[in-house]
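The next block is query_5.txt, given as compact mmCIF, C-alpha atoms.
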```txt
# COMPACT_ATOMS: atom_id res chain seq x y z
CA MET P 1 0.00 0.00 0.00
CA LYS P 2 2.88 2.36 0.86
CA LYS P 3 4.62 1.59 -2.47
CA THR P 4 1.44 2.50 -4.37
CA SER P 5 1.14 5.80 -2.49
CA LYS P 6 4.77 6.67 -3.21
CA ALA P 7 4.33 5.90 -6.90
CA PHE P 8 1.18 8.07 -7.04
CA LEU P 9 2.95 10.96 -5.33
CA PHE P 10 5.84 10.62 -7.77
CA LEU P 11 3.49 10.88 -10.76
CA ILE P 12 1.71 14.04 -9.55
CA PRO P 13 4.56 16.46 -10.44
CA ILE P 14 4.97 14.75 -13.85
CA PHE P 15 1.29 15.26 -14.68
CA SER P 16 1.50 18.82 -13.37
CA LEU P 17 4.54 19.63 -15.54
CA THR P 18 2.83 18.11 -18.58
CA PHE P 19 -0.25 20.29 -17.98
CA ILE P 20 1.82 23.44 -17.51
CA SER P 21 3.88 22.65 -20.60
CA SER P 22 0.81 22.12 -22.79
CA LYS P 23 -0.71 25.36 -21.51
CA SER P 24 2.45 27.31 -22.31
CA LEU P 25 2.44 25.97 -25.88
CA GLU P 26 -1.02 27.41 -26.59
CA PRO P 27 -0.75 30.31 -29.08
CA LYS P 28 -1.44 33.77 -27.71
CA LYS P 29 -4.90 35.02 -28.60
CA ILE P 30 -4.83 38.27 -30.55
CA ASN P 31 -7.27 40.92 -29.28
CA ILE P 32 -8.52 43.52 -31.75
CA VAL P 33 -10.91 46.44 -31.29
CA ILE P 34 -12.92 47.37 -34.37
CA ASP P 35 -14.36 50.85 -33.95
CA ALA P 36 -17.36 51.64 -36.15
CA SER P 37 -17.28 55.43 -36.21
CA HIS P 38 -20.23 57.76 -35.57
CA GLY P 39 -23.65 56.26 -34.69
CA GLY P 40 -26.94 57.46 -33.25
CA ASN P 41 -27.54 61.13 -34.00
CA ASP P 42 -24.01 61.41 -35.45
CA TYR P 43 -24.47 60.36 -39.09
CA GLY P 44 -20.97 61.12 -40.33
CA VAL P 45 -20.77 61.72 -44.08
CA ILE P 46 -24.19 61.78 -45.79
CA SER P 47 -25.00 61.37 -49.48
CA ASN P 48 -28.73 61.49 -50.12
CA SER P 49 -30.01 58.85 -47.68
CA ILE P 50 -26.68 56.99 -47.49
CA THR P 51 -24.78 57.51 -44.25
CA GLU P 52 -21.26 56.82 -43.09
CA LYS P 53 -22.49 55.45 -39.75
CA LYS P 54 -24.49 52.69 -41.47
CA ILE P 55 -21.76 51.67 -43.91
CA VAL P 56 -19.09 51.26 -41.22
CA GLU P 57 -21.55 49.40 -38.97
CA GLN P 58 -22.29 46.93 -41.78
CA VAL P 59 -18.60 46.35 -42.58
CA THR P 60 -17.73 46.00 -38.87
CA ASN P 61 -20.37 43.33 -38.32
CA LYS P 62 -19.15 41.47 -41.41
CA ILE P 63 -15.61 41.42 -39.99
CA LYS P 64 -16.92 40.12 -36.68
CA SER P 65 -18.87 37.30 -38.37
CA LEU P 66 -15.84 36.15 -40.40
CA ASN P 67 -13.39 35.73 -37.53
CA SER P 68 -12.89 32.72 -35.28
CA ASN P 69 -9.24 32.70 -34.16
CA VAL P 70 -9.03 36.37 -33.14
CA VAL P 71 -10.85 37.96 -30.21
CA ILE P 72 -12.73 40.92 -31.67
CA HIS P 73 -14.23 43.64 -29.51
CA LEU P 74 -16.62 46.17 -31.05
CA THR P 75 -17.05 49.70 -29.73
CA ARG P 76 -20.56 49.43 -31.20
CA SER P 77 -22.49 46.81 -33.18
CA ASP P 78 -25.72 48.78 -33.58
CA ASP P 79 -26.84 52.37 -34.17
CA THR P 80 -25.53 53.74 -30.86
CA PHE P 81 -23.76 57.05 -30.32
CA LEU P 82 -20.52 56.90 -28.36
CA SER P 83 -18.33 59.89 -27.58
CA TYR P 84 -14.61 59.82 -28.35
CA GLU P 85 -13.94 59.56 -24.63
CA GLU P 86 -16.23 56.53 -24.27
CA ARG P 87 -14.54 54.83 -27.21
CA THR P 88 -11.02 55.35 -25.90
CA ASP P 89 -12.03 54.38 -22.35
CA PHE P 90 -13.39 51.12 -23.78
CA ILE P 91 -10.18 50.56 -25.74
CA ASN P 92 -7.82 51.35 -22.87
CA LYS P 93 -9.63 49.03 -20.47
CA ILE P 94 -9.21 46.13 -22.90
CA LYS P 95 -5.64 47.00 -23.97
CA PRO P 96 -5.96 45.18 -27.31
CA ASP P 97 -3.11 44.43 -29.71
CA LEU P 98 -4.58 46.83 -32.26
CA VAL P 99 -7.42 49.30 -32.86
CA LEU P 100 -8.89 49.71 -36.34
CA SER P 101 -11.30 52.64 -36.55
CA LEU P 102 -13.46 52.49 -39.68
CA HIS P 103 -14.63 55.64 -41.46
CA VAL P 104 -15.93 56.87 -44.82
CA ASN P 105 -14.46 59.96 -46.43
CA SER P 106 -15.76 62.98 -48.35
CA SER P 107 -14.30 65.71 -50.53
CA LEU P 108 -15.44 68.84 -52.35
CA ASN P 109 -13.71 67.32 -55.37
CA ASN P 110 -15.89 64.40 -56.47
CA LYS P 111 -12.97 62.88 -58.39
CA THR P 112 -11.05 62.23 -55.17
CA SER P 113 -11.28 58.54 -54.30
CA GLY P 114 -9.62 55.55 -52.67
CA LEU P 115 -8.88 53.92 -49.34
CA GLU P 116 -6.70 55.87 -46.93
CA PHE P 117 -4.95 54.88 -43.70
CA TYR P 118 -4.19 57.33 -40.89
CA VAL P 119 -1.79 57.07 -37.96
CA ALA P 120 -0.82 59.68 -35.37
CA LYS P 121 2.72 60.96 -34.81
CA GLU P 122 1.68 62.29 -31.40
CA THR P 123 1.88 58.88 -29.70
CA GLU P 124 4.52 56.41 -28.54
CA PHE P 125 2.86 53.80 -30.76
CA PHE P 126 3.47 55.71 -34.01
CA GLU P 127 6.11 53.35 -35.41
CA LYS P 128 4.10 50.21 -34.67
CA SER P 129 0.89 51.80 -35.97
CA ASN P 130 2.65 52.90 -39.15
CA GLU P 131 4.09 49.42 -39.66
CA ILE P 132 0.62 47.87 -39.30
CA ALA P 133 -0.92 50.48 -41.64
CA THR P 134 1.76 49.67 -44.23
CA ARG P 135 1.05 45.94 -44.02
CA LEU P 136 -2.70 46.54 -44.26
CA HIS P 137 -2.13 48.86 -47.23
CA ASP P 138 -0.12 46.10 -48.95
CA LYS P 139 -2.84 43.53 -48.14
CA PHE P 140 -5.52 45.62 -49.86
CA SER P 141 -3.22 46.34 -52.81
CA LYS P 142 -2.56 42.63 -53.29
CA ASP P 143 -6.05 41.23 -52.71
CA THR P 144 -8.43 43.85 -54.15
CA ASN P 145 -8.86 46.09 -57.17
CA LEU P 146 -9.76 49.06 -54.96
CA LYS P 147 -7.82 52.26 -55.39
CA ILE P 148 -5.47 52.81 -52.45
CA ALA P 149 -4.82 56.47 -51.72
CA GLY P 150 -2.02 55.82 -49.24
CA ILE P 151 -0.94 56.23 -45.60
CA LYS P 152 -1.21 59.63 -43.93
CA THR P 153 -0.72 61.13 -40.49
CA GLY P 154 -3.27 63.05 -38.49
CA PRO P 155 -3.75 64.07 -34.83
CA PHE P 156 -7.12 62.34 -34.50
CA TYR P 157 -8.46 61.79 -30.98
CA ILE P 158 -8.86 58.01 -31.11
CA LEU P 159 -5.33 57.60 -32.49
CA LYS P 160 -3.70 59.89 -29.92
CA ARG P 161 -5.66 58.71 -26.87
CA SER P 162 -5.54 54.95 -27.44
CA ASP P 163 -2.77 53.38 -25.35
CA VAL P 164 -2.11 50.79 -28.06
CA PRO P 165 -1.30 50.81 -31.80
CA ALA P 166 -4.21 52.34 -33.71
CA VAL P 167 -5.06 52.93 -37.37
CA ILE P 168 -7.96 54.80 -38.96
CA VAL P 169 -9.17 53.15 -42.15
CA GLU P 170 -11.05 55.45 -44.52
CA LEU P 171 -12.93 52.94 -46.68
CA GLY P 172 -13.51 55.30 -49.59
CA TYR P 173 -15.18 58.56 -50.58
CA LEU P 174 -18.94 58.76 -50.46
CA THR P 175 -18.64 61.86 -52.65
CA ASN P 176 -17.10 59.78 -55.45
CA GLU P 177 -19.57 57.76 -57.53
CA ASN P 178 -17.31 54.71 -58.03
CA ASP P 179 -16.39 54.58 -54.35
CA LYS P 180 -20.03 55.03 -53.36
CA LYS P 181 -21.07 52.04 -55.49
CA ASN P 182 -18.51 49.87 -53.69
CA LEU P 183 -19.37 51.20 -50.24
CA ILE P 184 -23.09 50.42 -50.52
CA ASN P 185 -22.68 47.11 -52.38
CA ASP P 186 -23.02 44.06 -50.10
CA LYS P 187 -20.49 41.97 -52.07
CA GLU P 188 -17.91 44.78 -52.10
CA GLN P 189 -18.41 45.35 -48.38
CA SER P 190 -17.80 41.64 -47.85
CA LYS P 191 -14.55 41.83 -49.84
CA ILE P 192 -13.34 44.71 -47.67
CA ALA P 193 -14.34 42.83 -44.51
CA LYS P 194 -12.59 39.68 -45.77
CA SER P 195 -9.31 41.53 -46.39
CA ILE P 196 -9.38 43.07 -42.91
CA SER P 197 -10.41 39.77 -41.33
CA GLU P 198 -7.59 37.85 -43.03
CA PHE P 199 -5.11 40.55 -42.07
CA ILE P 200 -5.90 40.48 -38.36
CA SER P 201 -6.03 36.66 -38.40
CA GLU P 202 -2.42 36.65 -39.63
CA MET P 203 -1.19 39.00 -36.90
CA LYS P 204 1.40 37.55 -34.54
```

Structure encoded using structure tokens:
Amino acid sequence: MKKTSKAFLFLIPIFSLTFISSKSLEPKKINIVIDASHGGNDYGVISNSITEKKIVEQVTNKIKSLNSNVVIHLTRSDDTFLSYEERTDFINKIKPDLVLSLHVNSSLNNKTSGLEFYVAKETEFFEKSNEIATRLHDKFSKDTNLKIAGIKTGPFYILKRSDVPAVIVELGYLTNENDKKNLINDKEQSKIAKSISEFISEMK
């Protein structure tokens, strides 16, 4: 009986080490915040009855539905207004690996078009944010036929006040007819969502 007890006690640390080892081998889960801009009584850009708030909400929910191996947090998934402070408070409590804030652009020149990516210089995460924006830019260039307008800098609140890397993605210009057709088309929205979903799934 004593021999059996000794053998059992000997095996406990082995099982424990095996359990710890298997746990440590599990890949780190990537946490991403997708911020659908505007919402509620804040419509964003408007063209006739088409609104920025609705477009970014639709694309955001498509991204959420496509992902399984990344933990995605949404600042909003319905037509709710959130202040900039509420958005950044939400982000900074989670401390995700990345924030992508989705927007739709406008211009007085209706020929201006294309996706744009913004990062802020006024943050310690500028270099990392710029690196991610560059990779996302390249992903869209490779996988889609959409015009890519480039990467720019801007002192936007959500970029400066997020305590993590953050990128604003302007999905196109609602004031440009070709961009508008893509932005309101369900299949084109799905292509945009797929590119973003694949990109964040590949993040290490």

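Ranking P:Phe126, P:Lys64, P:Ser107, P:Lys53 by their shortest atom-to-atom distance to P:Ser201, with all atoms listed in the file included, puts P:Lys64 first.
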
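What separates atom CA of P:Phe140 from atom CA of P:Val119 is a distance of 16.9 Å.
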
_Can you measure atom CA of P:Ser197 to atom CA of P:Val167 for me? One decimal in Å is fine._
14.7 Å

Each stretch 118-143 of chain P residue no farther than 6 Å from stretch 149-165 of chain P, nearest pair in Å, all atoms listed in the file, as a tab-separated table:
```
residue	atom	partner	partner_atom	distance
P:Tyr118	CA	P:Lys152	CA	4.8
P:Val119	CA	P:Thr153	CA	4.9
P:Ala120	CA	P:Gly154	CA	5.2
P:Thr123	CA	P:Lys160	CA	5.7
P:Phe125	CA	P:Pro165	CA	5.2
P:Ser129	CA	P:Pro165	CA	4.8
```

*asked:* Could you tell me how far atom CA of P:Ile91 sits from atom CA of P:Ser190, in Å to one decimal place?
replied: 25.0 Å

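Of the residues under consideration (P:Asp35, P:Asp97, P:Glu124, P:Glu52), P:Asp35 shows the shortest atom-to-atom contact distance to P:Ser83 when counting all atoms listed in the file.
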
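The closest residue to P:Ser65, picked from P:Leu100, P:Val169, P:Leu115, P:Ile196 and counting all atoms listed in the file, is P:Ile196.
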